[in-house]
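Student: Contents of query.csv (CSV, C-alpha atoms) are below:
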chain,number,residue,atom,x,y,z
A,1,MET,CA,-30.1,-5.6,-24.7
A,2,ASN,CA,-31.7,-4.6,-27.9
A,3,ILE,CA,-30.1,-5.3,-31.3
A,4,LYS,CA,-28.5,-1.8,-31.7
A,5,ALA,CA,-26.9,-1.9,-28.2
A,6,GLU,CA,-25.5,-5.4,-28.9
A,7,SER,CA,-23.9,-4.3,-32.1
A,8,TYR,CA,-21.9,-1.6,-30.3
A,9,ALA,CA,-21.1,-3.6,-27.2
A,10,GLN,CA,-17.7,-4.7,-28.5
A,11,ALA,CA,-16.7,-1.2,-29.6
A,12,ARG,CA,-17.9,0.3,-26.3
A,13,ASP,CA,-15.9,-2.3,-24.4
A,14,PHE,CA,-12.8,-1.6,-26.4
A,15,ALA,CA,-13.2,2.1,-25.9
A,16,PHE,CA,-13.4,1.6,-22.1
A,17,PHE,CA,-10.0,-0.3,-22.2
A,18,VAL,CA,-8.4,2.3,-24.4
A,19,ALA,CA,-9.6,5.3,-22.4
A,20,ASN,CA,-8.8,3.9,-18.9
A,21,PHE,CA,-5.8,1.6,-19.5
A,22,SER,CA,-4.2,2.8,-22.8
A,23,TYR,CA,-4.7,-0.7,-24.4
A,24,SER,CA,-4.0,-1.1,-28.1
A,25,LYS,CA,-6.3,-3.2,-30.2
A,26,LYS,CA,-3.8,-6.0,-30.1
A,27,ASP,CA,-3.5,-5.9,-26.3
A,28,TYR,CA,-7.3,-5.8,-26.0
A,29,GLU,CA,-7.8,-8.8,-28.3
A,30,ALA,CA,-5.2,-10.8,-26.3
A,31,LEU,CA,-7.4,-10.7,-23.2
A,32,THR,CA,-9.9,-13.4,-22.5
A,33,GLU,CA,-13.4,-12.5,-21.4
A,34,LEU,CA,-12.6,-13.7,-17.9
A,35,GLU,CA,-9.6,-11.4,-17.7
A,36,LYS,CA,-11.7,-8.5,-19.0
A,37,MET,CA,-14.2,-9.2,-16.2
A,38,PHE,CA,-11.6,-9.2,-13.5
A,39,ILE,CA,-10.0,-6.0,-14.9
A,40,ARG,CA,-13.4,-4.3,-14.8
A,41,LYS,CA,-14.1,-5.5,-11.3
A,42,ALA,CA,-10.7,-4.3,-10.1
A,43,TYR,CA,-11.3,-0.9,-11.8
A,44,GLU,CA,-14.7,-0.7,-10.1
A,45,ALA,CA,-13.1,-1.4,-6.7
A,46,LYS,CA,-10.4,1.2,-7.3
A,47,ILE,CA,-13.1,3.9,-8.2
A,48,VAL,CA,-15.1,3.0,-5.0
A,49,ASN,CA,-12.0,3.2,-2.8
A,50,GLU,CA,-11.0,6.6,-4.3
A,51,SER,CA,-14.4,8.1,-4.0
A,52,THR,CA,-14.7,6.8,-0.4
A,53,PHE,CA,-11.3,8.4,0.4
A,54,ALA,CA,-12.4,11.7,-1.2
A,55,ARG,CA,-15.6,11.7,0.7
A,56,ASN,CA,-13.8,11.0,4.0
A,57,ALA,CA,-11.3,13.8,3.3
A,58,HIS,CA,-14.1,16.2,2.4
A,59,LEU,CA,-16.1,15.5,5.5
A,60,ASN,CA,-13.0,15.7,7.7
A,61,ALA,CA,-12.2,19.1,6.1
A,62,ILE,CA,-15.7,20.4,6.8
A,63,ALA,CA,-15.6,19.1,10.4
A,64,ASN,CA,-12.2,20.8,11.0
A,65,SER,CA,-13.4,24.0,9.5
A,66,LYS,CA,-16.4,24.1,11.8
A,67,ARG,CA,-14.7,23.0,15.0
A,68,LYS,CA,-14.4,25.4,17.9
A,69,LYS,CA,-11.2,27.2,18.3
A,70,SER,CA,-10.3,25.4,21.5
A,71,ALA,CA,-11.2,21.9,20.0
A,72,LYS,CA,-8.5,19.6,18.8
A,73,PHE,CA,-7.8,19.2,15.1
A,74,ILE,CA,-9.3,16.0,13.7
A,75,GLU,CA,-6.7,13.9,11.8
A,76,LEU,CA,-7.7,12.3,8.5
A,77,PHE,CA,-5.6,9.2,9.3
A,78,LYS,CA,-5.5,7.8,12.8
A,79,LYS,CA,-2.0,6.8,13.7
A,80,ARG,CA,-2.0,3.2,14.9
A,81,ARG,CA,0.9,1.4,16.4
A,82,LYS,CA,1.7,-1.9,14.8
A,83,LYS,CA,1.3,-5.0,17.0
A,84,VAL,CA,4.7,-6.4,18.1
A,85,ASP,CA,5.4,-10.0,17.3
A,86,LYS,CA,6.8,-11.0,20.6
A,87,GLU,CA,7.8,-14.5,19.6
A,88,TYR,CA,9.8,-13.2,16.6
A,89,ASN,CA,11.6,-10.7,18.7
A,90,LYS,CA,12.4,-13.3,21.4
A,91,ASN,CA,13.8,-15.7,18.7
A,92,ALA,CA,15.8,-12.9,17.1
A,93,GLU,CA,17.3,-11.8,20.5
A,94,ASN,CA,18.3,-15.4,21.3
A,95,THR,CA,19.9,-15.8,17.9
A,96,ILE,CA,21.9,-12.6,18.4
A,97,LEU,CA,23.0,-13.7,21.8
A,98,LYS,CA,24.2,-17.1,20.5
A,99,VAL,CA,26.1,-15.4,17.6
A,100,GLU,CA,27.7,-13.0,20.1
A,101,ALA,CA,28.7,-15.8,22.4
A,102,LYS,CA,30.5,-17.6,19.5
A,103,GLU,CA,31.9,-14.8,17.5
A,104,GLY,CA,31.8,-11.7,19.7
A,105,LYS,CA,30.5,-8.4,18.6
A,106,SER,CA,32.4,-8.3,15.3
A,107,TRP,CA,29.0,-8.1,13.4
A,108,VAL,CA,28.5,-4.6,14.9
A,109,ASP,CA,32.0,-3.5,13.5
A,110,LYS,CA,31.0,-4.9,10.1
A,111,ILE,CA,27.8,-2.7,10.0
A,112,TYR,CA,29.8,0.4,11.0
A,113,ALA,CA,32.5,-0.4,8.4
A,114,SER,CA,29.9,-0.8,5.6
A,115,VAL,CA,28.7,2.7,6.3
A,116,GLY,CA,32.3,4.0,6.5
A,117,ARG,CA,32.4,4.8,10.2
A,118,LYS,CA,34.1,3.4,13.3
A,119,ARG,CA,32.2,1.9,16.2
A,120,PRO,CA,32.0,4.4,19.1
A,121,VAL,CA,33.9,3.3,22.1
A,122,LYS,CA,32.4,3.7,25.6
A,123,LYS,CA,34.6,5.2,28.3
A,124,GLY,CA,36.5,2.5,30.2
A,125,GLU,CA,36.6,0.0,27.3
Please, can you express the file's structure as structure tokens?

Tutor:
Amino acid sequence: MNIKAESYAQARDFAFFVANFSYSKKDYEALTELEKMFIRKAYEAKIVNESTFARNAHLNAIANSKRKKSAKFIELFKKRRKKVDKEYNKNAENTILKVEAKEGKSWVDKIYASVGRKRPVKKGE
């Protein structure tokens, strides 16, 4: 940097923090240089993510507007099923069965009672 640019670097840096994060002079001066660098990097990543999302949404809108009438609408977000943790579910089921063997199904009644309802009774019980 030349001498003029260096003399305004501190003011320009402070202006960036005021404009983007509403920092006061006291808040800004409390930050270390390392913290300022991390904040700038996080802000840069946020801007990149937002612009990428906007680009994807725009391209998706164009593709949907130019599709044939019989073609399927293209979703912006693909719906993905979460992977099931089989081990966790197996352990939870075993725990529930153990509790039911000891104490019965009173825990179900407690859940219904907390909502202010009675447990439905099946015919024949």

Student: Please identify all polymer residues within 9 Å of segment 26-43 of chain A, counting all atoms listed in the file, omitting same-chain residues fewer than 4 positions from it, and present them as a list in words.

Tutor: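 Skipping anything fewer than 4 positions along the chain leaves Phe14, Phe17, Val18, Asn20, Ile47 and Val48 of chain A.
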
Student: How far is it from atom CA of Leu76 of chain A to atom CA of Ala61 of chain A, in Å with one decimal?

Tutor: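 These atoms are spaced 8.5 Å apart.
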
Student: One decimal, Å: what's the distance from atom CA of Tyr112 of chain A over to atom CA of Leu97 of chain A, could you say?

Tutor: 19.0 Å

Student: Please measure the separation of atom CA of Lys118 of chain A and atom CA of Ser106 of chain A, giving the value in Å to one decimal.

Tutor: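 Atom CA of Ser106 of chain A lies at a distance of 12.0 Å from atom CA of Lys118 of chain A.
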
Student: Using only C-alpha atoms, determine which residues lie at most 12 Å from Asn56 of chain A, disregarding the query and same-chain residues fewer than 5 positions distant; provide the list as a list in words.

Tutor: Asn49, Glu50, Ser51, Ala61, Ile62, Ala63, Ile74, Glu75, Leu76 and Phe77 of chain A
